[in-house]
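Printed here is protein22.cif (mmCIF, N, CA and C atoms):
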data_run
#
loop_
_atom_site.label_atom_id
_atom_site.label_comp_id
_atom_site.auth_asym_id
_atom_site.auth_seq_id
_atom_site.Cartn_x
_atom_site.Cartn_y
_atom_site.Cartn_z
N MET A 981 -54.37 14.15 -43.30
CA MET A 981 -55.63 14.84 -43.49
C MET A 981 -55.69 15.32 -44.94
N LYS A 982 -56.86 15.17 -45.55
CA LYS A 982 -57.05 15.61 -46.93
C LYS A 982 -58.24 16.54 -47.00
N ALA A 983 -58.30 17.31 -48.09
CA ALA A 983 -59.39 18.26 -48.30
C ALA A 983 -60.12 17.92 -49.58
N ILE A 984 -61.41 18.23 -49.60
CA ILE A 984 -62.22 18.03 -50.79
C ILE A 984 -63.25 19.15 -50.84
N LYS A 985 -63.55 19.62 -52.04
CA LYS A 985 -64.55 20.67 -52.22
C LYS A 985 -65.89 20.01 -52.52
N CYS A 986 -66.93 20.44 -51.82
CA CYS A 986 -68.25 19.85 -51.98
C CYS A 986 -68.98 20.44 -53.17
N ILE A 987 -69.66 19.57 -53.89
CA ILE A 987 -70.51 19.99 -55.00
C ILE A 987 -71.88 19.39 -54.76
N GLY A 988 -72.89 20.23 -54.70
CA GLY A 988 -74.25 19.76 -54.49
C GLY A 988 -74.82 20.25 -53.18
N THR A 989 -76.11 19.99 -52.99
CA THR A 989 -76.82 20.51 -51.83
C THR A 989 -77.46 19.42 -50.97
N SER A 990 -77.08 18.18 -51.16
CA SER A 990 -77.76 17.10 -50.45
C SER A 990 -77.49 17.10 -48.94
N MET A 991 -76.44 17.76 -48.48
CA MET A 991 -76.14 17.81 -47.05
C MET A 991 -76.48 19.17 -46.44
N ASN A 992 -77.23 20.00 -47.16
CA ASN A 992 -77.68 21.29 -46.64
C ASN A 992 -78.53 21.08 -45.40
N PRO A 993 -78.47 21.92 -44.42
CA PRO A 993 -77.70 23.15 -44.30
C PRO A 993 -76.33 22.92 -43.65
N PHE A 994 -76.02 21.68 -43.27
CA PHE A 994 -74.76 21.40 -42.56
C PHE A 994 -73.55 21.62 -43.45
N ILE A 995 -73.58 21.06 -44.65
CA ILE A 995 -72.50 21.27 -45.62
C ILE A 995 -73.14 21.87 -46.86
N LYS A 996 -72.63 23.01 -47.28
CA LYS A 996 -73.21 23.71 -48.42
C LYS A 996 -72.37 23.52 -49.67
N ASP A 997 -72.97 23.78 -50.81
CA ASP A 997 -72.27 23.70 -52.09
C ASP A 997 -71.09 24.66 -52.07
N GLY A 998 -69.90 24.17 -52.38
CA GLY A 998 -68.70 25.00 -52.40
C GLY A 998 -67.88 24.96 -51.12
N ASP A 999 -68.41 24.35 -50.05
CA ASP A 999 -67.65 24.25 -48.80
C ASP A 999 -66.44 23.34 -49.00
N ILE A 1000 -65.40 23.61 -48.24
CA ILE A 1000 -64.22 22.75 -48.25
C ILE A 1000 -64.28 21.89 -47.01
N VAL A 1001 -64.17 20.59 -47.20
CA VAL A 1001 -64.27 19.62 -46.12
C VAL A 1001 -62.91 18.95 -45.93
N LEU A 1002 -62.44 18.93 -44.69
CA LEU A 1002 -61.22 18.21 -44.36
C LEU A 1002 -61.62 16.88 -43.73
N TYR A 1003 -60.97 15.80 -44.16
CA TYR A 1003 -61.29 14.49 -43.60
C TYR A 1003 -60.03 13.74 -43.21
N ALA A 1004 -60.16 12.98 -42.11
CA ALA A 1004 -59.05 12.19 -41.59
C ALA A 1004 -59.13 10.80 -42.18
N GLU A 1005 -57.99 10.30 -42.62
CA GLU A 1005 -57.95 8.99 -43.25
C GLU A 1005 -57.73 7.85 -42.26
N ASN A 1006 -57.15 8.12 -41.10
CA ASN A 1006 -56.90 7.03 -40.15
C ASN A 1006 -58.02 6.98 -39.13
N PHE A 1007 -58.71 5.85 -39.09
CA PHE A 1007 -59.83 5.68 -38.18
C PHE A 1007 -60.03 4.19 -37.94
N SER A 1008 -60.70 3.87 -36.85
CA SER A 1008 -61.11 2.49 -36.59
C SER A 1008 -62.47 2.30 -37.22
N SER A 1009 -62.80 1.08 -37.55
CA SER A 1009 -64.05 0.86 -38.27
C SER A 1009 -65.28 0.95 -37.37
N PHE A 1010 -65.18 0.54 -36.12
CA PHE A 1010 -66.35 0.51 -35.26
C PHE A 1010 -66.05 1.09 -33.90
N SER A 1011 -67.09 1.62 -33.28
CA SER A 1011 -67.01 2.01 -31.89
C SER A 1011 -67.06 0.75 -31.06
N SER A 1012 -66.49 0.76 -29.87
CA SER A 1012 -66.54 -0.41 -29.01
C SER A 1012 -67.96 -0.73 -28.58
N SER A 1013 -68.85 0.26 -28.66
CA SER A 1013 -70.23 0.04 -28.25
C SER A 1013 -71.07 -0.60 -29.35
N LEU A 1014 -70.54 -0.66 -30.58
CA LEU A 1014 -71.29 -1.26 -31.67
C LEU A 1014 -70.93 -2.72 -31.80
N LYS A 1015 -71.93 -3.55 -31.94
CA LYS A 1015 -71.73 -4.97 -32.12
C LYS A 1015 -72.06 -5.32 -33.56
N VAL A 1016 -71.18 -6.06 -34.20
CA VAL A 1016 -71.44 -6.49 -35.57
C VAL A 1016 -72.66 -7.40 -35.55
N GLY A 1017 -73.57 -7.17 -36.47
CA GLY A 1017 -74.78 -7.96 -36.53
C GLY A 1017 -75.96 -7.30 -35.83
N LYS A 1018 -75.69 -6.31 -35.02
CA LYS A 1018 -76.75 -5.58 -34.32
C LYS A 1018 -77.00 -4.27 -35.03
N LYS A 1019 -78.23 -3.81 -34.96
CA LYS A 1019 -78.57 -2.53 -35.56
C LYS A 1019 -78.36 -1.43 -34.54
N SER A 1020 -77.70 -0.37 -34.95
CA SER A 1020 -77.47 0.77 -34.08
C SER A 1020 -78.27 1.95 -34.62
N SER A 1021 -79.02 2.60 -33.77
CA SER A 1021 -79.86 3.71 -34.24
C SER A 1021 -79.10 5.02 -34.23
N LEU A 1022 -79.64 5.98 -34.93
CA LEU A 1022 -79.02 7.29 -35.07
C LEU A 1022 -79.13 8.07 -33.76
N PRO A 1023 -78.03 8.65 -33.27
CA PRO A 1023 -78.07 9.45 -32.05
C PRO A 1023 -78.73 10.80 -32.31
N PRO A 1024 -78.84 11.63 -31.28
CA PRO A 1024 -79.42 12.97 -31.49
C PRO A 1024 -78.62 13.74 -32.53
N PRO A 1025 -79.25 14.74 -33.18
CA PRO A 1025 -78.56 15.51 -34.23
C PRO A 1025 -77.23 16.07 -33.72
N PRO A 1026 -76.17 15.99 -34.55
CA PRO A 1026 -74.85 16.46 -34.11
C PRO A 1026 -74.77 17.98 -34.09
N ARG A 1027 -73.80 18.46 -33.33
CA ARG A 1027 -73.53 19.90 -33.30
C ARG A 1027 -72.65 20.25 -34.49
N ARG A 1028 -72.43 21.52 -34.70
CA ARG A 1028 -71.61 21.99 -35.83
C ARG A 1028 -70.16 21.52 -35.70
N ASN A 1029 -69.68 21.32 -34.47
CA ASN A 1029 -68.30 20.89 -34.27
C ASN A 1029 -68.17 19.40 -34.55
N VAL A 1030 -67.77 19.05 -35.78
CA VAL A 1030 -67.67 17.64 -36.16
C VAL A 1030 -66.36 17.02 -35.73
N GLY A 1031 -65.44 17.78 -35.19
CA GLY A 1031 -64.15 17.24 -34.80
C GLY A 1031 -64.05 16.87 -33.33
N GLU A 1032 -65.19 16.79 -32.62
CA GLU A 1032 -65.13 16.56 -31.18
C GLU A 1032 -64.67 15.15 -30.82
N ASN A 1033 -64.82 14.18 -31.70
CA ASN A 1033 -64.34 12.82 -31.43
C ASN A 1033 -62.99 12.57 -32.08
N LYS A 1034 -62.20 13.60 -32.25
CA LYS A 1034 -60.94 13.51 -32.96
C LYS A 1034 -59.99 12.51 -32.30
N LYS A 1035 -59.97 12.44 -30.97
CA LYS A 1035 -59.05 11.56 -30.29
C LYS A 1035 -59.42 10.09 -30.50
N LYS A 1036 -60.70 9.77 -30.55
CA LYS A 1036 -61.13 8.38 -30.68
C LYS A 1036 -60.93 7.84 -32.09
N ARG A 1037 -61.18 8.68 -33.09
CA ARG A 1037 -61.05 8.28 -34.48
C ARG A 1037 -61.83 7.01 -34.81
N ILE A 1038 -63.06 6.95 -34.35
CA ILE A 1038 -63.91 5.80 -34.64
C ILE A 1038 -65.10 6.25 -35.47
N LEU A 1039 -65.69 5.33 -36.18
CA LEU A 1039 -66.89 5.63 -36.96
C LEU A 1039 -68.11 5.13 -36.22
N LYS A 1040 -69.12 5.99 -36.17
CA LYS A 1040 -70.36 5.63 -35.47
C LYS A 1040 -71.51 6.40 -36.10
N PRO A 1041 -72.74 5.99 -35.84
CA PRO A 1041 -73.88 6.73 -36.39
C PRO A 1041 -73.82 8.20 -36.00
N GLY A 1042 -74.09 9.06 -36.98
CA GLY A 1042 -74.02 10.50 -36.79
C GLY A 1042 -72.78 11.11 -37.41
N ASP A 1043 -71.70 10.32 -37.57
CA ASP A 1043 -70.48 10.82 -38.20
C ASP A 1043 -70.72 11.04 -39.69
N ILE A 1044 -70.00 12.00 -40.24
CA ILE A 1044 -70.06 12.26 -41.68
C ILE A 1044 -68.80 11.68 -42.29
N VAL A 1045 -68.97 10.88 -43.34
CA VAL A 1045 -67.83 10.21 -43.97
C VAL A 1045 -67.74 10.56 -45.45
N VAL A 1046 -66.52 10.47 -45.96
CA VAL A 1046 -66.25 10.61 -47.39
C VAL A 1046 -66.01 9.19 -47.89
N TYR A 1047 -66.77 8.77 -48.91
CA TYR A 1047 -66.63 7.42 -49.41
C TYR A 1047 -66.74 7.39 -50.92
N LYS A 1048 -66.35 6.26 -51.49
CA LYS A 1048 -66.29 6.14 -52.94
C LYS A 1048 -67.11 4.93 -53.38
N ILE A 1049 -67.96 5.15 -54.38
CA ILE A 1049 -68.69 4.07 -55.05
C ILE A 1049 -68.37 4.22 -56.53
N SER A 1050 -67.78 3.17 -57.10
CA SER A 1050 -67.27 3.21 -58.47
C SER A 1050 -66.27 4.36 -58.57
N ASP A 1051 -66.55 5.33 -59.43
CA ASP A 1051 -65.64 6.47 -59.58
C ASP A 1051 -66.18 7.75 -58.94
N LYS A 1052 -67.30 7.65 -58.24
CA LYS A 1052 -67.91 8.83 -57.63
C LYS A 1052 -67.58 8.90 -56.15
N ILE A 1053 -67.32 10.12 -55.68
CA ILE A 1053 -67.04 10.36 -54.26
C ILE A 1053 -68.25 11.05 -53.64
N TYR A 1054 -68.66 10.55 -52.47
CA TYR A 1054 -69.82 11.08 -51.77
C TYR A 1054 -69.42 11.52 -50.37
N ILE A 1055 -70.19 12.46 -49.83
CA ILE A 1055 -70.06 12.87 -48.43
C ILE A 1055 -71.45 12.74 -47.82
N HIS A 1056 -71.62 11.76 -46.94
CA HIS A 1056 -72.90 11.51 -46.31
C HIS A 1056 -72.72 11.15 -44.84
N ARG A 1057 -73.83 11.11 -44.13
CA ARG A 1057 -73.85 10.82 -42.70
C ARG A 1057 -74.14 9.32 -42.48
N ILE A 1058 -73.46 8.73 -41.50
CA ILE A 1058 -73.73 7.34 -41.13
C ILE A 1058 -75.05 7.31 -40.36
N ILE A 1059 -76.00 6.52 -40.85
CA ILE A 1059 -77.31 6.38 -40.20
C ILE A 1059 -77.28 5.24 -39.19
N SER A 1060 -76.72 4.12 -39.61
CA SER A 1060 -76.61 2.96 -38.72
C SER A 1060 -75.55 2.00 -39.24
N VAL A 1061 -75.25 1.02 -38.39
CA VAL A 1061 -74.31 -0.03 -38.76
C VAL A 1061 -75.05 -1.35 -38.59
N GLU A 1062 -75.11 -2.13 -39.66
CA GLU A 1062 -75.80 -3.42 -39.62
C GLU A 1062 -74.93 -4.48 -40.28
N ASN A 1063 -74.70 -5.58 -39.57
CA ASN A 1063 -73.93 -6.70 -40.09
C ASN A 1063 -72.57 -6.28 -40.63
N GLY A 1064 -71.92 -5.34 -39.97
CA GLY A 1064 -70.60 -4.90 -40.37
C GLY A 1064 -70.59 -3.94 -41.55
N ARG A 1065 -71.74 -3.52 -42.02
CA ARG A 1065 -71.84 -2.56 -43.12
C ARG A 1065 -72.41 -1.25 -42.59
N PHE A 1066 -72.02 -0.18 -43.26
CA PHE A 1066 -72.48 1.15 -42.88
C PHE A 1066 -73.63 1.56 -43.78
N ILE A 1067 -74.74 2.01 -43.18
CA ILE A 1067 -75.84 2.58 -43.94
C ILE A 1067 -75.66 4.09 -43.83
N VAL A 1068 -75.46 4.74 -44.99
CA VAL A 1068 -75.22 6.18 -45.03
C VAL A 1068 -76.32 6.85 -45.85
N SER A 1069 -76.57 8.12 -45.52
CA SER A 1069 -77.60 8.86 -46.23
C SER A 1069 -77.26 10.34 -46.21
N ASN A 1070 -77.79 11.07 -47.19
CA ASN A 1070 -77.63 12.51 -47.17
C ASN A 1070 -78.65 13.09 -46.20
N ASP A 1071 -78.52 14.37 -45.87
CA ASP A 1071 -79.38 14.96 -44.85
C ASP A 1071 -80.82 15.16 -45.29
N ASP A 1072 -81.08 15.20 -46.59
CA ASP A 1072 -82.48 15.29 -47.01
C ASP A 1072 -83.10 13.90 -47.16
N ASP A 1073 -82.33 12.85 -46.83
CA ASP A 1073 -82.79 11.47 -46.76
C ASP A 1073 -83.37 10.93 -48.07
N LEU A 1074 -82.87 11.43 -49.20
CA LEU A 1074 -83.34 10.96 -50.50
C LEU A 1074 -82.43 9.91 -51.12
N GLU A 1075 -81.20 9.81 -50.64
CA GLU A 1075 -80.23 8.90 -51.23
C GLU A 1075 -79.55 8.11 -50.12
N LYS A 1076 -79.75 6.79 -50.12
CA LYS A 1076 -79.11 5.93 -49.12
C LYS A 1076 -78.20 4.94 -49.82
N HIS A 1077 -77.08 4.64 -49.18
CA HIS A 1077 -76.15 3.63 -49.68
C HIS A 1077 -75.77 2.70 -48.53
N ILE A 1078 -75.49 1.47 -48.87
CA ILE A 1078 -74.93 0.51 -47.93
C ILE A 1078 -73.50 0.28 -48.40
N ILE A 1079 -72.55 0.61 -47.52
CA ILE A 1079 -71.15 0.54 -47.94
C ILE A 1079 -70.33 -0.28 -46.96
N GLU A 1080 -69.20 -0.75 -47.45
CA GLU A 1080 -68.24 -1.48 -46.63
C GLU A 1080 -67.19 -0.50 -46.09
N LYS A 1081 -66.46 -0.92 -45.08
CA LYS A 1081 -65.40 -0.09 -44.50
C LYS A 1081 -64.35 0.27 -45.55
N GLU A 1082 -64.06 -0.64 -46.45
CA GLU A 1082 -63.03 -0.41 -47.46
C GLU A 1082 -63.37 0.72 -48.42
N GLN A 1083 -64.66 1.06 -48.55
CA GLN A 1083 -65.08 2.13 -49.45
C GLN A 1083 -64.93 3.51 -48.82
N ILE A 1084 -64.77 3.55 -47.51
CA ILE A 1084 -64.69 4.82 -46.80
C ILE A 1084 -63.29 5.39 -46.91
N LEU A 1085 -63.20 6.61 -47.41
CA LEU A 1085 -61.92 7.30 -47.56
C LEU A 1085 -61.51 8.00 -46.27
N GLY A 1086 -62.48 8.47 -45.48
CA GLY A 1086 -62.16 9.15 -44.24
C GLY A 1086 -63.39 9.72 -43.56
N ARG A 1087 -63.17 10.22 -42.34
CA ARG A 1087 -64.24 10.83 -41.54
C ARG A 1087 -64.04 12.34 -41.54
N VAL A 1088 -65.10 13.08 -41.78
CA VAL A 1088 -65.04 14.54 -41.84
C VAL A 1088 -64.70 15.09 -40.45
N VAL A 1089 -63.69 15.96 -40.40
CA VAL A 1089 -63.28 16.56 -39.14
C VAL A 1089 -63.47 18.08 -39.11
N SER A 1090 -63.51 18.73 -40.28
CA SER A 1090 -63.69 20.18 -40.34
C SER A 1090 -64.41 20.58 -41.62
N ILE A 1091 -65.17 21.65 -41.52
CA ILE A 1091 -65.89 22.18 -42.68
C ILE A 1091 -65.58 23.67 -42.76
N TYR A 1092 -65.17 24.13 -43.94
CA TYR A 1092 -64.85 25.53 -44.15
C TYR A 1092 -65.68 26.06 -45.30
N ASN A 1093 -66.32 27.19 -45.07
CA ASN A 1093 -67.17 27.78 -46.09
C ASN A 1093 -66.33 28.62 -47.04
N GLY A 1094 -66.10 28.09 -48.20
CA GLY A 1094 -65.40 28.83 -49.24
C GLY A 1094 -63.92 29.03 -48.98
N PHE A 1095 -63.31 29.80 -49.81
CA PHE A 1095 -61.87 30.02 -49.76
C PHE A 1095 -61.46 30.79 -48.51
N PHE A 1096 -62.28 31.73 -48.07
CA PHE A 1096 -61.95 32.51 -46.88
C PHE A 1096 -61.84 31.61 -45.66
N GLY A 1097 -62.74 30.65 -45.53
CA GLY A 1097 -62.67 29.69 -44.43
C GLY A 1097 -61.40 28.86 -44.48
N TYR A 1098 -60.97 28.51 -45.68
CA TYR A 1098 -59.75 27.73 -45.83
C TYR A 1098 -58.53 28.57 -45.41
N LEU A 1099 -58.52 29.85 -45.75
CA LEU A 1099 -57.42 30.72 -45.33
C LEU A 1099 -57.36 30.84 -43.81
N ILE A 1100 -58.52 30.92 -43.17
CA ILE A 1100 -58.56 30.98 -41.71
C ILE A 1100 -57.98 29.70 -41.12
N HIS A 1101 -58.33 28.56 -41.73
CA HIS A 1101 -57.80 27.28 -41.27
C HIS A 1101 -56.26 27.26 -41.35
N ILE A 1102 -55.70 27.70 -42.47
CA ILE A 1102 -54.25 27.73 -42.65
C ILE A 1102 -53.60 28.64 -41.59
N PHE A 1103 -54.20 29.81 -41.37
CA PHE A 1103 -53.67 30.74 -40.38
C PHE A 1103 -53.68 30.12 -38.97
N LEU A 1104 -54.81 29.53 -38.58
CA LEU A 1104 -54.93 28.94 -37.24
C LEU A 1104 -53.99 27.75 -37.07
N ARG A 1105 -53.84 26.95 -38.10
CA ARG A 1105 -52.92 25.81 -38.03
C ARG A 1105 -51.48 26.29 -37.85
N THR A 1106 -51.11 27.34 -38.56
CA THR A 1106 -49.77 27.90 -38.43
C THR A 1106 -49.56 28.46 -37.03
N MET A 1107 -50.56 29.16 -36.51
CA MET A 1107 -50.45 29.73 -35.16
C MET A 1107 -50.32 28.63 -34.10
N ARG A 1108 -51.03 27.53 -34.26
CA ARG A 1108 -50.91 26.42 -33.31
C ARG A 1108 -49.50 25.86 -33.31
N LYS A 1109 -48.91 25.73 -34.50
CA LYS A 1109 -47.53 25.23 -34.60
C LYS A 1109 -46.55 26.18 -33.93
N VAL A 1110 -46.75 27.49 -34.13
CA VAL A 1110 -45.87 28.49 -33.54
C VAL A 1110 -45.95 28.43 -32.02
N PHE A 1111 -47.16 28.40 -31.47
CA PHE A 1111 -47.33 28.37 -30.02
C PHE A 1111 -46.85 27.05 -29.42
N LYS A 1112 -46.96 25.98 -30.18
CA LYS A 1112 -46.49 24.69 -29.69
C LYS A 1112 -44.97 24.68 -29.53
N LYS A 1113 -44.27 25.35 -30.46
CA LYS A 1113 -42.81 25.40 -30.42
C LYS A 1113 -42.28 26.47 -29.47
N ALA A 1114 -43.12 27.46 -29.16
CA ALA A 1114 -42.69 28.55 -28.27
C ALA A 1114 -42.47 28.03 -26.86
N LYS A 1115 -41.45 28.53 -26.22
CA LYS A 1115 -41.17 28.16 -24.83
C LYS A 1115 -41.54 29.33 -23.94
N TRP A 1116 -42.48 29.09 -23.07
CA TRP A 1116 -42.97 30.17 -22.20
C TRP A 1116 -42.28 30.11 -20.87
#
Represent the structure from my file as structure tokens, please.
Amino acid sequence: MKAIKCIGTSMNPFIKDGDIVLYAENFSSFSSSLKVGKKSSLPPPPRRNVGENKKKRILKPGDIVVYKISDKIYIHRIISVENGRFIVSNDDDLEKHIIEKEQILGRVVSIYNGFFGYLIHIFLRTMRKVFKKAKW
């Protein structure tokens, strides 16, 4: 899992300028329900909990991904999958890209608002490790 700090407001109000985003690097390229060559439409708006599909680790419309074009890194939502390519866009729908799976760095699993949110994440992660090792 890696972290990146967001710059910009294109994903407002879901991701704000200065938020810290954690993304998972290991994922499958397609959901089993997606067929290459078919157009898949956007599902209903997602909830704030972006880590709910953590076990599946698949990319599908509605997921937020971190990807790279040239030397720039973007964080946008997958709108659809067509012919094996991902169509991604920001939430204000002003910037769309068509990207390949190889350009995707990871799928967003957590969003933390500022440094305080990151500290909470570190604390909770440590507590989970402690409770996992504890024998009750």
Name every residue that the PyMOL selection byres ((chain A and resi 1087) around 5) selects in this structure, writing the answer as number ranges by chain with chains first and numbers rising.
-> A: 1003-1004, 1044-1046, 1085-1086, 1088-1089
Between CA of Lys1052 (chain A) and CA of Asn1070 (chain A) - distance in Å to one decimal |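 Interatomic distance here is 14.7 Å.
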What does the PyMOL selection byres ((chain A and resi 1057) around 7) select in this file, as a ChimeraX atom specification?
-> /A:1041-1045,1055-1056,1058-1060,1067-1071
Could those selected residues go to a file with N, CA and C atoms, as a PDB file, keeping the file's coordinate frame?
ATOM      1  N   PRO A1041     -72.740   5.990 -35.840  1.00  0.00           N
ATOM      2  CA  PRO A1041     -73.880   6.730 -36.390  1.00  0.00           C
ATOM      3  C   PRO A1041     -73.820   8.200 -36.000  1.00  0.00           C
ATOM      4  N   GLY A1042     -74.090   9.060 -36.980  1.00  0.00           N
ATOM      5  CA  GLY A1042     -74.020  10.500 -36.790  1.00  0.00           C
ATOM      6  C   GLY A1042     -72.780  11.110 -37.410  1.00  0.00           C
ATOM      7  N   ASP A1043     -71.700  10.320 -37.570  1.00  0.00           N
ATOM      8  CA  ASP A1043     -70.480  10.820 -38.200  1.00  0.00           C
ATOM      9  C   ASP A1043     -70.720  11.040 -39.690  1.00  0.00           C
ATOM     10  N   ILE A1044     -70.000  12.000 -40.240  1.00  0.00           N
ATOM     11  CA  ILE A1044     -70.060  12.260 -41.680  1.00  0.00           C
ATOM     12  C   ILE A1044     -68.800  11.680 -42.290  1.00  0.00           C
ATOM     13  N   VAL A1045     -68.970  10.880 -43.340  1.00  0.00           N
ATOM     14  CA  VAL A1045     -67.830  10.210 -43.970  1.00  0.00           C
ATOM     15  C   VAL A1045     -67.740  10.560 -45.450  1.00  0.00           C
ATOM     16  N   ILE A1055     -70.190  12.460 -49.830  1.00  0.00           N
ATOM     17  CA  ILE A1055     -70.060  12.870 -48.430  1.00  0.00           C
ATOM     18  C   ILE A1055     -71.450  12.740 -47.820  1.00  0.00           C
ATOM     19  N   HIS A1056     -71.620  11.760 -46.940  1.00  0.00           N
ATOM     20  CA  HIS A1056     -72.900  11.510 -46.310  1.00  0.00           C
ATOM     21  C   HIS A1056     -72.720  11.150 -44.840  1.00  0.00           C
ATOM     22  N   ILE A1058     -73.460   8.730 -41.500  1.00  0.00           N
ATOM     23  CA  ILE A1058     -73.730   7.340 -41.130  1.00  0.00           C
ATOM     24  C   ILE A1058     -75.050   7.310 -40.360  1.00  0.00           C
ATOM     25  N   ILE A1059     -76.000   6.520 -40.850  1.00  0.00           N
ATOM     26  CA  ILE A1059     -77.310   6.380 -40.200  1.00  0.00           C
ATOM     27  C   ILE A1059     -77.280   5.240 -39.190  1.00  0.00           C
ATOM     28  N   SER A1060     -76.720   4.120 -39.610  1.00  0.00           N
ATOM     29  CA  SER A1060     -76.610   2.960 -38.720  1.00  0.00           C
ATOM     30  C   SER A1060     -75.550   2.000 -39.240  1.00  0.00           C
ATOM     31  N   ILE A1067     -74.740   2.010 -43.180  1.00  0.00           N
ATOM     32  CA  ILE A1067     -75.840   2.580 -43.940  1.00  0.00           C
ATOM     33  C   ILE A1067     -75.660   4.090 -43.830  1.00  0.00           C
ATOM     34  N   VAL A1068     -75.460   4.740 -44.990  1.00  0.00           N
ATOM     35  CA  VAL A1068     -75.220   6.180 -45.030  1.00  0.00           C
ATOM     36  C   VAL A1068     -76.320   6.850 -45.850  1.00  0.00           C
ATOM     37  N   SER A1069     -76.570   8.120 -45.520  1.00  0.00           N
ATOM     38  CA  SER A1069     -77.600   8.860 -46.230  1.00  0.00           C
ATOM     39  C   SER A1069     -77.260  10.340 -46.210  1.00  0.00           C
ATOM     40  N   ASN A1070     -77.790  11.070 -47.190  1.00  0.00           N
ATOM     41  CA  ASN A1070     -77.630  12.510 -47.170  1.00  0.00           C
ATOM     42  C   ASN A1070     -78.650  13.090 -46.200  1.00  0.00           C
ATOM     43  N   ASP A1071     -78.520  14.370 -45.870  1.00  0.00           N
ATOM     44  CA  ASP A1071     -79.380  14.960 -44.850  1.00  0.00           C
ATOM     45  C   ASP A1071     -80.820  15.160 -45.290  1.00  0.00           C
TER      46      ASP A1071
END
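With all atoms listed in the file as the atoms that count, the minimum distance from Glu1082 (chain A) to the choices A:Lys1048, A:Asp997, A:Lys982, A:Glu1005 is reached by A:Lys1048.
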Which residue of A:Glu1080, A:Glu1062, A:Asp1072, A:Asp1051 approaches Asn992 (chain A) most closely, using all atoms listed in the file =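 With all atoms listed in the file as the atom set, the closest residue is A:Asp1072.
Distance check against Lys996 (chain A) using all atoms listed in the file: of A:Gln1083, A:Asn1063, A:Ser1050, A:Asn1093, the minimum falls on A:Asn1093.
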Just say which residues the PyMOL selection byres (((chain A and resi 984 and name CA) around 8) and name CA) picks in this file, as a ChimeraX atom specification.
-> /A:982-983,985-986,1000-1002
Please dump the current selection as a JSON list (two decimals), in the frame of the given file; keep N, CA and C atoms.
[["chain", "number", "residue", "atom", "x", "y", "z"],
["A", 982, "LYS", "N", -56.86, 15.17, -45.55],
["A", 982, "LYS", "CA", -57.05, 15.61, -46.93],
["A", 982, "LYS", "C", -58.24, 16.54, -47.00],
["A", 983, "ALA", "N", -58.30, 17.31, -48.09],
["A", 983, "ALA", "CA", -59.39, 18.26, -48.30],
["A", 983, "ALA", "C", -60.12, 17.92, -49.58],
["A", 985, "LYS", "N", -63.55, 19.62, -52.04],
["A", 985, "LYS", "CA", -64.55, 20.67, -52.22],
["A", 985, "LYS", "C", -65.89, 20.01, -52.52],
["A", 986, "CYS", "N", -66.93, 20.44, -51.82],
["A", 986, "CYS", "CA", -68.25, 19.85, -51.98],
["A", 986, "CYS", "C", -68.98, 20.44, -53.17],
["A", 1000, "ILE", "N", -65.40, 23.61, -48.24],
["A", 1000, "ILE", "CA", -64.22, 22.75, -48.25],
["A", 1000, "ILE", "C", -64.28, 21.89, -47.01],
["A", 1001, "VAL", "N", -64.17, 20.59, -47.20],
["A", 1001, "VAL", "CA", -64.27, 19.62, -46.12],
["A", 1001, "VAL", "C", -62.91, 18.95, -45.93],
["A", 1002, "LEU", "N", -62.44, 18.93, -44.69],
["A", 1002, "LEU", "CA", -61.22, 18.21, -44.36],
["A", 1002, "LEU", "C", -61.62, 16.88, -43.73]]
Which is closer to Ile1079 (chain A) than all the others in A:Tyr1047, A:Ile1100, A:Ile1091, A:Lys1109, using only C-alpha atoms?
-> A:Tyr1047
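Taking CA of Arg1065 (chain A) and atom N of Gly988 (chain A) as endpoints, the distance between them is 25.6 Å.
The spacing separating CA of Ile1078 (chain A) from CA of Tyr1092 (chain A) amounts to 27.2 Å.
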